[in-house]
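Participant: What follows is my_file24.cif, mmCIF, C-alpha atoms and all ligand atoms.
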```
data_model
loop_
_atom_site.label_atom_id
_atom_site.label_comp_id
_atom_site.auth_asym_id
_atom_site.auth_seq_id
_atom_site.Cartn_x
_atom_site.Cartn_y
_atom_site.Cartn_z
CA MET A 18 -50.04 20.60 112.36
CA ARG A 19 -47.87 17.60 111.59
CA ILE A 20 -45.78 16.90 114.67
CA ILE A 21 -43.39 14.11 115.60
CA LEU A 22 -42.62 13.15 119.19
CA ILE A 23 -39.34 11.32 119.73
CA GLY A 24 -38.07 9.86 122.98
CA PRO A 25 -36.46 6.74 124.38
CA PRO A 26 -38.59 3.99 125.93
CA GLY A 27 -39.80 5.16 129.34
CA ALA A 28 -39.45 8.88 128.56
CA GLY A 29 -43.14 9.54 129.19
CA LYS A 30 -44.21 9.93 125.56
CA GLY A 31 -47.59 8.32 126.25
CA THR A 32 -48.67 10.99 128.74
CA GLN A 33 -47.47 13.90 126.61
CA CYS A 34 -49.02 12.43 123.45
CA GLN A 35 -52.39 12.21 125.14
CA ARG A 36 -52.23 15.85 126.14
CA LEU A 37 -50.88 16.95 122.79
CA VAL A 38 -53.65 15.35 120.73
CA GLU A 39 -56.31 16.88 122.98
CA HIS A 40 -54.63 20.25 122.64
CA LEU A 41 -54.10 20.08 118.86
CA ARG A 42 -57.25 18.06 118.07
CA VAL A 43 -55.43 15.82 115.64
CA PRO A 44 -55.24 12.02 115.50
CA HIS A 45 -52.57 10.21 117.50
CA LEU A 46 -50.66 7.86 115.22
CA SER A 47 -48.71 5.47 117.42
CA THR A 48 -46.87 2.81 115.46
CA GLY A 49 -46.38 0.76 118.66
CA GLU A 50 -50.18 0.68 119.07
CA MET A 51 -50.77 -0.09 115.39
CA LEU A 52 -48.33 -2.97 115.60
CA ARG A 53 -49.78 -4.34 118.84
CA ALA A 54 -53.25 -4.27 117.25
CA ALA A 55 -51.86 -6.11 114.19
CA VAL A 56 -50.25 -8.70 116.48
CA ARG A 57 -53.52 -9.18 118.42
CA SER A 58 -55.54 -9.75 115.27
CA ALA A 59 -52.75 -11.88 113.77
CA THR A 60 -52.63 -10.09 110.42
CA PRO A 61 -49.67 -11.08 108.19
CA GLU A 62 -47.92 -7.85 109.25
CA GLY A 63 -48.59 -8.63 112.91
CA VAL A 64 -47.22 -12.14 112.62
CA GLN A 65 -44.06 -10.83 110.97
CA ALA A 66 -43.64 -7.95 113.45
CA SER A 67 -44.09 -9.96 116.63
CA LYS A 68 -40.78 -11.79 116.38
CA TYR A 69 -38.90 -8.50 116.32
CA MET A 70 -40.99 -6.81 119.00
CA GLU A 71 -40.54 -9.68 121.45
CA GLN A 72 -36.78 -9.25 121.14
CA GLY A 73 -36.83 -5.49 121.69
CA GLN A 74 -35.77 -4.97 118.07
CA LEU A 75 -37.23 -2.64 115.49
CA VAL A 76 -39.46 -4.22 112.86
CA PRO A 77 -38.22 -3.89 109.24
CA ASP A 78 -38.62 -0.43 107.69
CA GLU A 79 -40.72 -1.71 104.72
CA LEU A 80 -43.31 -3.17 107.05
CA ILE A 81 -43.75 -0.06 109.16
CA VAL A 82 -43.58 2.34 106.22
CA GLY A 83 -46.37 0.41 104.50
CA MET A 84 -48.59 0.65 107.57
CA VAL A 85 -47.97 4.34 108.18
CA THR A 86 -48.37 5.32 104.52
CA LYS A 87 -51.81 3.73 104.43
CA ARG A 88 -52.80 5.40 107.68
CA LEU A 89 -51.70 8.86 106.50
CA GLU A 90 -54.09 8.59 103.57
CA ALA A 91 -57.13 8.42 105.84
CA PRO A 92 -59.34 11.53 105.77
CA ASP A 93 -58.83 12.31 109.46
CA CYS A 94 -55.13 12.97 108.75
CA ARG A 95 -55.87 15.90 106.46
CA LYS A 96 -55.81 18.44 109.27
CA GLY A 97 -52.56 17.07 110.69
CA TYR A 98 -51.49 14.41 113.14
CA LEU A 99 -49.13 13.50 115.93
CA LEU A 100 -46.64 10.79 115.00
CA ASP A 101 -45.50 8.74 117.99
CA GLY A 102 -42.90 6.02 117.44
CA PHE A 103 -42.40 6.88 113.77
CA PRO A 104 -40.02 7.64 112.17
CA ARG A 105 -37.51 5.63 114.18
CA THR A 106 -34.71 5.20 111.63
CA LEU A 107 -33.10 7.51 109.06
CA PRO A 108 -34.62 5.59 106.11
CA GLN A 109 -38.07 5.96 107.71
CA ALA A 110 -37.53 9.70 108.12
CA ALA A 111 -36.35 10.08 104.53
CA THR A 112 -39.36 8.11 103.27
CA LEU A 113 -41.73 10.29 105.27
CA ASP A 114 -40.15 13.46 103.90
CA GLU A 115 -40.46 12.18 100.31
CA LEU A 116 -44.03 11.15 100.84
CA LEU A 117 -44.95 14.56 102.23
CA GLU A 118 -42.97 16.42 99.59
CA ARG A 119 -44.94 14.71 96.82
CA ARG A 120 -48.02 16.30 98.37
CA ALA A 121 -46.35 19.67 98.85
CA MET A 122 -46.39 19.17 102.61
CA SER A 123 -43.76 18.85 105.32
CA VAL A 124 -43.30 18.04 108.98
CA ASP A 125 -43.98 21.16 111.08
CA GLY A 126 -41.84 20.21 114.04
CA VAL A 127 -40.16 17.45 115.99
CA ILE A 128 -40.17 17.32 119.77
CA GLU A 129 -37.50 15.33 121.56
CA LEU A 130 -38.35 14.25 125.08
CA ALA A 131 -34.87 13.94 126.57
CA VAL A 132 -34.37 11.70 129.61
CA PRO A 133 -30.98 10.36 130.77
CA ARG A 134 -30.43 6.62 130.51
CA ASP A 135 -30.07 6.00 134.29
CA GLU A 136 -33.43 7.70 134.89
CA LEU A 137 -35.06 5.48 132.23
CA ILE A 138 -33.74 2.36 133.97
CA ARG A 139 -34.90 3.67 137.36
CA ARG A 140 -38.42 4.29 136.02
CA MET A 141 -38.57 0.89 134.36
CA LEU A 142 -37.60 -0.88 137.58
CA ALA A 143 -40.20 1.14 139.50
CA ARG A 144 -43.12 0.35 137.19
CA LYS A 145 -42.31 -3.26 136.29
CA ARG A 146 -44.71 -3.74 133.40
CA ALA A 147 -44.93 -7.19 131.85
CA ASP A 148 -43.08 -6.05 128.73
CA ASP A 149 -40.41 -4.34 130.85
CA ASN A 150 -38.13 -7.31 131.17
CA PRO A 151 -34.83 -5.53 132.06
CA GLU A 152 -32.85 -7.26 129.35
CA ILE A 153 -35.37 -6.45 126.60
CA PHE A 154 -35.73 -2.91 127.96
CA SER A 155 -31.97 -2.35 127.67
CA LYS A 156 -32.15 -3.57 124.08
CA ARG A 157 -34.91 -1.07 123.34
CA ILE A 158 -32.80 1.72 124.82
CA ALA A 159 -29.81 0.59 122.77
CA SER A 160 -31.88 0.51 119.59
CA PHE A 161 -33.05 4.03 120.39
CA GLU A 162 -29.49 5.26 120.87
CA ILE A 163 -28.14 3.56 117.75
CA GLN A 164 -31.01 3.77 115.27
CA THR A 165 -33.27 6.61 116.41
CA ALA A 166 -30.96 9.20 118.00
CA PRO A 167 -29.45 10.08 114.56
CA LEU A 168 -32.88 11.50 113.65
CA LEU A 169 -32.28 14.29 116.13
CA ASP A 170 -29.42 15.52 113.96
CA TYR A 171 -31.46 14.97 110.82
CA TYR A 172 -34.31 17.18 112.01
CA GLY A 173 -31.93 19.56 113.79
CA ARG A 174 -30.30 20.34 110.45
CA GLN A 175 -33.75 21.07 109.02
CA GLY A 176 -34.25 23.53 111.89
CA LYS A 177 -37.28 21.57 113.06
CA LEU A 178 -36.08 20.07 116.33
CA ALA A 179 -37.15 21.20 119.79
CA SER A 180 -35.37 19.26 122.54
CA ILE A 181 -37.28 19.27 125.77
CA ASP A 182 -36.13 18.24 129.24
CA GLY A 183 -38.22 15.16 130.11
CA LEU A 184 -37.58 15.48 133.87
CA GLY A 185 -40.28 17.10 135.98
CA THR A 186 -44.03 16.76 136.45
CA ALA A 187 -46.29 15.99 133.49
CA ASP A 188 -47.62 19.56 133.72
CA GLU A 189 -44.16 21.10 133.68
CA ILE A 190 -43.18 19.02 130.68
CA PHE A 191 -46.38 19.88 128.84
CA GLU A 192 -45.60 23.58 129.36
CA ARG A 193 -42.31 22.98 127.54
CA VAL A 194 -44.15 21.09 124.81
CA GLN A 195 -46.49 24.05 124.30
CA THR A 196 -43.53 26.43 124.07
CA ALA A 197 -42.13 24.22 121.30
CA LEU A 198 -45.50 24.26 119.48
CA ARG A 199 -45.54 28.06 119.52
CA ARG A 200 -42.07 28.06 118.02
CA PHE A 201 -43.17 25.63 115.27
CA ALA A 202 -46.21 27.79 114.50
CA ARG A 203 -44.02 30.89 114.14
CA ALA A 204 -41.59 29.01 111.87
CA ALA A 205 -44.50 27.69 109.74
CA GLY A 206 -45.74 31.26 109.37
CA ARG A 207 -42.37 32.25 107.93
CA ARG A 208 -42.28 29.40 105.39
P1 LIG B 1 -41.62 2.17 123.13
O1 LIG B 1 -42.22 1.77 124.43
O2 LIG B 1 -40.21 1.70 122.90
O3 LIG B 1 -41.81 3.62 122.80
P2 LIG B 1 -43.60 1.47 121.08
O4 LIG B 1 -44.86 1.15 121.79
O5 LIG B 1 -43.51 2.74 120.32
O6 LIG B 1 -42.37 1.30 122.06
O7 LIG B 1 -43.26 0.27 120.05
C1 LIG B 1 -43.16 -1.07 120.50
C2 LIG B 1 -42.31 -1.88 119.52
O8 LIG B 1 -42.88 -1.80 118.21
C3 LIG B 1 -40.89 -1.37 119.34
O9 LIG B 1 -40.03 -1.87 120.34
C4 LIG B 1 -40.55 -1.91 117.95
O10 LIG B 1 -40.23 -3.27 117.97
C5 LIG B 1 -41.85 -1.76 117.20
N1 LIG B 1 -41.95 -0.47 116.48
C6 LIG B 1 -42.80 0.58 116.76
N2 LIG B 1 -42.61 1.60 115.88
C7 LIG B 1 -41.63 1.21 115.04
C8 LIG B 1 -40.97 1.81 113.93
N3 LIG B 1 -41.28 3.06 113.51
N4 LIG B 1 -40.00 1.11 113.29
C9 LIG B 1 -39.67 -0.13 113.68
N5 LIG B 1 -40.23 -0.75 114.74
C10 LIG B 1 -41.21 -0.11 115.40
#
```
Could you quickly redo this structure as C-alpha cells?
Ligand code: ADP
Facilitator:
Amino acid sequence: MRIILIGPPGAGKGTQCQRLVEHLRVPHLSTGEMLRAAVRSATPEGVQASKYMEQGQLVPDELIVGMVTKRLEAPDCRKGYLLDGFPRTLPQAATLDELLERRAMSVDGVIELAVPRDELIRRMLARKRADDNPEIFSKRIASFEIQTAPLLDYYGRQGKLASIDGLGTADEIFERVQTALRRFARAAGRR
C-alpha cells in the first residue's frame, strides 16, 4: 500500500509511523529524516536545505521532489511505502500524483492526524527538545496551516482522506489508524 501520513508538528506522527511500517511491512520514507541525513553529511542538497530548516520554513519544492523521486525508484518501494512529511505543499502533491500516474499507480490513502493547536503548543513546552524553540515551533505550525492544510481538501476531493483524532493514547490512535487502513483496502478493491 502507498500511504501518506499528514499532521502538524507535535501531532505524534513519529510514533504512529513506527507502528504503521511494522504493521504494513513497507519502508518508512520520512523527508525530515532524509533532509537531516543530508545536512549531517553536508551534501549540496543538505547545505541548501539547512538554511530553511533552521528557520522553521519548508525547503524549496524542487529540492524535496528530487530527493523523493529518487527514493521512490529504489526496489524496496515496489511493494508500497509510508510517506511521512511529504507531500507538504499542493505542488508536491500534484507532482507525486503525476509521477505515480505515469506508472499507472496512485496513492491508496491519506491519514490526517488531527491535533488542536493549543495541544501542540502544550506538548512542545512539555518535551522541550533542542529544535523546539517556541518561536521556530510556531513558525512550523503556521507553515503547516498555510501550506500543508490545503492538501487535506485536495485528498478529500479524491475521496482518499481519513481524518483521525490525534488525542488519546498511542494504542487508541493506532486503532483509528487501522480502521482507516481497512477503509483504504476496501476502496482499493473497488478501483
Ligand atoms: P516536523 O517535526 O515538522 O514533522 P520533519 O521532521 O518532517 O518536521 O521535517 C523537518 C523540516 O524539514 C521541516 O520543518 C522542513 O523545513 C523540512 N521538510 C521536511 N519535509 C519537507 C517537504 N516535504 N517540503 C519542504 N520541506 C520539508
Participant: Could you pull out the residues sitting within 9 Å of ligand LIG 1 (chain B), using all atoms listed in the file, and write them as number ranges by chain?
Facilitator: A: 23-31, 47-53, 66-78, 80-82, 85, 101-106, 109, 148, 154, 156-158, 160-161
Participant: Please identify all polymer residues within 12 Å of A:Asp188, counting only C-alpha atoms, omitting same-chain residues fewer than 2 positions from it, and present them as a VMD selection string.
Facilitator: chain A and resid 29 32 to 33 36 to 37 183 to 186 190 to 195
Participant: Enclose the full set of atoms of stretch 131-142 of chain A listed in the file within a box whose edges lie along x, y and z, apply 3 Å of padding to each of the six sides, and report centre and edge lengths in Å to one decimal as lines of an AutoDock Vina configuration file.
Facilitator:
```
center_x = -34.3
center_y = 6.5
center_z = 132.1
size_x = 14.5
size_y = 20.8
size_z = 17.0
```
Participant: Could you make a table, as a Markdown table, of the residues of stretch 142-196 of chain A that have an atom within 9 Å of an atom of stretch 114-130 of chain A, each with its nearest atom pair and distance in Å to one decimal, counting all atoms listed in the file, in chain and number order?
Facilitator:
```
| residue | atom | partner | partner_atom | distance |
| --- | --- | --- | --- | --- |
| A:Leu169 | CA | A:Glu129 | CA | 7.6 |
| A:Tyr172 | CA | A:Val127 | CA | 7.1 |
| A:Gly173 | CA | A:Val127 | CA | 8.8 |
| A:Gly176 | CA | A:Gly126 | CA | 8.6 |
| A:Lys177 | CA | A:Gly126 | CA | 4.9 |
| A:Leu178 | CA | A:Val127 | CA | 4.9 |
| A:Ala179 | CA | A:Ile128 | CA | 4.9 |
| A:Ser180 | CA | A:Glu129 | CA | 4.6 |
| A:Ile181 | CA | A:Leu130 | CA | 5.2 |
| A:Asp182 | CA | A:Leu130 | CA | 6.2 |
| A:Gly183 | CA | A:Leu130 | CA | 5.1 |
| A:Leu184 | CA | A:Leu130 | CA | 8.9 |
| A:Ile190 | CA | A:Leu130 | CA | 8.8 |
| A:Val194 | CA | A:Ile128 | CA | 7.4 |
```
Participant: Please report the interatomic distance between atom CA of A:Leu46 and atom CA of A:Leu168 in Å with one decimal.
Facilitator: 18.2 Å
Participant: Residues of stretch 59-175 of chain A that have any atom at most 7 Å from an atom of stretch 40-43 of chain A: could you tabulate them with the shortest-distance atom pair and the distance in Å to one decimal, using all atoms listed in the file, ordered by chain and increasing number, as a tab-separated table?
Facilitator:
```
residue	atom	partner	partner_atom	distance
A:Lys96	CA	A:Val43	CA	6.9
A:Gly97	CA	A:Val43	CA	5.9
A:Tyr98	CA	A:Val43	CA	4.9
A:Leu99	CA	A:Val43	CA	6.7
```
Participant: Would you compute the distance between atom CA of A:Glu136 and atom CA of A:Arg174? Give it in Å to one decimal.
Facilitator: 27.7 Å
Participant: Expressed in Å to a single decimal, how great is the separation between atom CA of A:Leu198 and atom CA of A:Glu162?
Facilitator: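 Computed distance, atom CA of A:Leu198 to atom CA of A:Glu162, equals 24.9 Å.
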Participant: Considering all atoms listed in the file, state which residue in the set A:Ile138, A:Ala202, A:Leu100, A:Met18 is at the smallest distance from A:His45.
Facilitator: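 Answer, going by the shortest atom-to-atom distance: A:Leu100.
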Participant: Find, counting only C-alpha atoms, the residue in A:Arg144, A:Ala131, A:Leu107, A:Leu137 that gets nearest to A:Pro167.
Facilitator: A:Leu107
Participant: Output stretch 104-115 of chain A with all heavy atoms present, as an mmCIF file, keeping the file's coordinate frame.
Facilitator:
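Dumped to rebuild.cif:
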```
data_model
loop_
_atom_site.group_PDB
_atom_site.id
_atom_site.type_symbol
_atom_site.label_atom_id
_atom_site.label_comp_id
_atom_site.auth_asym_id
_atom_site.auth_seq_id
_atom_site.Cartn_x
_atom_site.Cartn_y
_atom_site.Cartn_z
ATOM 1 N N PRO A 104 -41.036 8.576 112.602
ATOM 2 C CA PRO A 104 -40.020 7.640 112.170
ATOM 3 C C PRO A 104 -39.050 7.274 113.297
ATOM 4 O O PRO A 104 -38.881 8.035 114.247
ATOM 5 C CB PRO A 104 -39.293 8.403 111.069
ATOM 6 C CG PRO A 104 -39.508 9.845 111.386
ATOM 7 C CD PRO A 104 -40.837 9.932 112.061
ATOM 8 N N ARG A 105 -38.441 6.106 113.169
ATOM 9 C CA ARG A 105 -37.510 5.630 114.180
ATOM 10 C C ARG A 105 -36.148 5.308 113.588
ATOM 11 O O ARG A 105 -35.239 4.923 114.311
ATOM 12 C CB ARG A 105 -38.077 4.343 114.775
ATOM 13 C CG ARG A 105 -38.407 4.402 116.255
ATOM 14 C CD ARG A 105 -38.856 3.008 116.609
ATOM 15 N NE ARG A 105 -39.090 2.737 117.988
ATOM 16 C CZ ARG A 105 -40.255 2.861 118.602
ATOM 17 N NH1 ARG A 105 -41.293 3.365 117.996
ATOM 18 N NH2 ARG A 105 -40.373 2.479 119.851
ATOM 19 N N THR A 106 -36.006 5.425 112.286
ATOM 20 C CA THR A 106 -34.710 5.200 111.630
ATOM 21 C C THR A 106 -34.565 6.286 110.553
ATOM 22 O O THR A 106 -35.566 6.874 110.128
ATOM 23 C CB THR A 106 -34.651 3.826 110.916
ATOM 24 O OG1 THR A 106 -35.615 3.814 109.856
ATOM 25 C CG2 THR A 106 -34.930 2.670 111.862
ATOM 26 N N LEU A 107 -33.312 6.503 110.113
ATOM 27 C CA LEU A 107 -33.100 7.510 109.060
ATOM 28 C C LEU A 107 -33.860 7.165 107.776
ATOM 29 O O LEU A 107 -34.483 8.049 107.196
ATOM 30 C CB LEU A 107 -31.602 7.687 108.790
ATOM 31 C CG LEU A 107 -30.853 8.507 109.847
ATOM 32 C CD1 LEU A 107 -29.350 8.460 109.583
ATOM 33 C CD2 LEU A 107 -31.338 9.952 109.901
ATOM 34 N N PRO A 108 -33.829 5.888 107.313
ATOM 35 C CA PRO A 108 -34.620 5.590 106.110
ATOM 36 C C PRO A 108 -36.115 5.888 106.287
ATOM 37 O O PRO A 108 -36.766 6.370 105.359
ATOM 38 C CB PRO A 108 -34.380 4.091 105.876
ATOM 39 C CG PRO A 108 -33.097 3.783 106.573
ATOM 40 C CD PRO A 108 -33.006 4.733 107.724
ATOM 41 N N GLN A 109 -36.651 5.649 107.476
ATOM 42 C CA GLN A 109 -38.070 5.960 107.710
ATOM 43 C C GLN A 109 -38.312 7.471 107.608
ATOM 44 O O GLN A 109 -39.305 7.921 107.036
ATOM 45 C CB GLN A 109 -38.543 5.458 109.080
ATOM 46 C CG GLN A 109 -38.615 3.936 109.190
ATOM 47 C CD GLN A 109 -39.047 3.460 110.579
ATOM 48 O OE1 GLN A 109 -39.582 4.222 111.384
ATOM 49 N NE2 GLN A 109 -38.806 2.191 110.869
ATOM 50 N N ALA A 110 -37.382 8.242 108.157
ATOM 51 C CA ALA A 110 -37.530 9.700 108.120
ATOM 52 C C ALA A 110 -37.447 10.217 106.687
ATOM 53 O O ALA A 110 -38.230 11.080 106.265
ATOM 54 C CB ALA A 110 -36.460 10.368 108.980
ATOM 55 N N ALA A 111 -36.503 9.657 105.916
ATOM 56 C CA ALA A 111 -36.350 10.080 104.530
ATOM 57 C C ALA A 111 -37.599 9.722 103.727
ATOM 58 O O ALA A 111 -38.073 10.521 102.911
ATOM 59 C CB ALA A 111 -35.105 9.425 103.918
ATOM 60 N N THR A 112 -38.149 8.534 103.973
ATOM 61 C CA THR A 112 -39.360 8.110 103.270
ATOM 62 C C THR A 112 -40.526 9.036 103.594
ATOM 63 O O THR A 112 -41.295 9.421 102.715
ATOM 64 C CB THR A 112 -39.734 6.659 103.632
ATOM 65 O OG1 THR A 112 -38.591 5.833 103.414
ATOM 66 C CG2 THR A 112 -40.884 6.150 102.797
ATOM 67 N N LEU A 113 -40.642 9.394 104.862
ATOM 68 C CA LEU A 113 -41.730 10.290 105.270
ATOM 69 C C LEU A 113 -41.587 11.647 104.562
ATOM 70 O O LEU A 113 -42.556 12.197 104.047
ATOM 71 C CB LEU A 113 -41.737 10.471 106.785
ATOM 72 C CG LEU A 113 -42.766 11.463 107.327
ATOM 73 C CD1 LEU A 113 -44.193 10.962 107.077
ATOM 74 C CD2 LEU A 113 -42.560 11.723 108.826
ATOM 75 N N ASP A 114 -40.366 12.167 104.552
ATOM 76 C CA ASP A 114 -40.150 13.460 103.900
ATOM 77 C C ASP A 114 -40.529 13.406 102.417
ATOM 78 O O ASP A 114 -41.157 14.328 101.900
ATOM 79 C CB ASP A 114 -38.675 13.896 104.034
ATOM 80 C CG ASP A 114 -38.431 14.654 105.331
ATOM 81 O OD1 ASP A 114 -39.421 15.035 106.000
ATOM 82 O OD2 ASP A 114 -37.256 14.873 105.688
ATOM 83 N N GLU A 115 -40.137 12.311 101.744
ATOM 84 C CA GLU A 115 -40.460 12.180 100.310
ATOM 85 C C GLU A 115 -41.963 12.117 100.100
ATOM 86 O O GLU A 115 -42.513 12.747 99.202
ATOM 87 C CB GLU A 115 -39.823 10.907 99.728
ATOM 88 C CG GLU A 115 -38.328 11.028 99.517
ATOM 89 C CD GLU A 115 -37.650 9.663 99.403
ATOM 90 O OE1 GLU A 115 -38.341 8.664 99.069
ATOM 91 O OE2 GLU A 115 -36.440 9.597 99.678
#
```
